[in-house]
Amino acid sequence: MASEELAKKLQSRLAASEEPEQRPEPEETIVTDKQQETEAACGDTSSELSAKLNRRLDINEGNAPPRASRVFNPYTEFKEFSRKQIKEMEVMFKRYDTGKDGFIDLMELKLMMEKLGAPQTHLGLKNMIKEVDEDFDGKLSFREFLLIFRRAAAGELQEESGLMALARLSEINVSTEGVSGAKDFFEAKMQALSVGSKFEAEIREEKEERKKQEMEKKERRAAFKELQSAFCS
């Protein structure tokens, strides 16, 4: 009797051990459309930030791929300045571009500010470049140099900033000429309409000046030949 009961208990335990374990099914997670949009937006922002940081790192290490260059015409892009003003700015830019590479770097800017009588600290020079450095290359292109005068004329520079000192001491007057110097909409509109005729008039003046110089050159040559022939006779 006891052996039969023991046999039944062993059989029941054996049967229980052979049955598969019942595990609770995982609960289904419901993701809403709003959550998906949020995750996608976060992913895009992270990718954009990562791309910017990588480019900045490449620039610092000198490994940045060259960007596609675009044709830059200062006379069409900076219409608020006359041709004479832009030429004066170009002369000044080339004077301090001692490396002749088309840029003004930190040391060249340092020399410029010293010559202008407004020396800056190393940090001040870096901040000056940073304020208009659109391509983050740590130096000033001619276009970025022109931006200094555009912002000065528009009143966008702080009075005590190094860039304002540069614009003031450069002896290039940009405070009243051009569209940005107009005080109201009517004046701005009238000046904008006259930009084309003003541009053409300046070109004519330049041609007349070159013609005058050629005539003077020919007269000097003729006078020299006449004097030369007088000595030879």
# chains A, B, ... in the order shown; residues from 1 in each chain; ligands from 1
>>> select_by_dssp(residues="range 51-174 of chain A", states="alpha helix (DSSP H)", output="ChimeraX atom specification")
/A:51-61,74-77,83-96,106-115,122-132,142-153,162-169
>>> residues_around(residues="range 150-163 of chain A", least_positions_apart="3", cutoff="12 Å", atoms="only C-alpha atoms", output="NGL selection string")
:A and (74 or 77-81 or 85-86 or 89 or 109-110 or 112-114 or 116-132 or 143-147 or 166-170 or 172-183)
>>> atom_distance(atom1="CA of Lys207 in chain A", atom2="CA of Phe72 in chain A")
23.1 Å
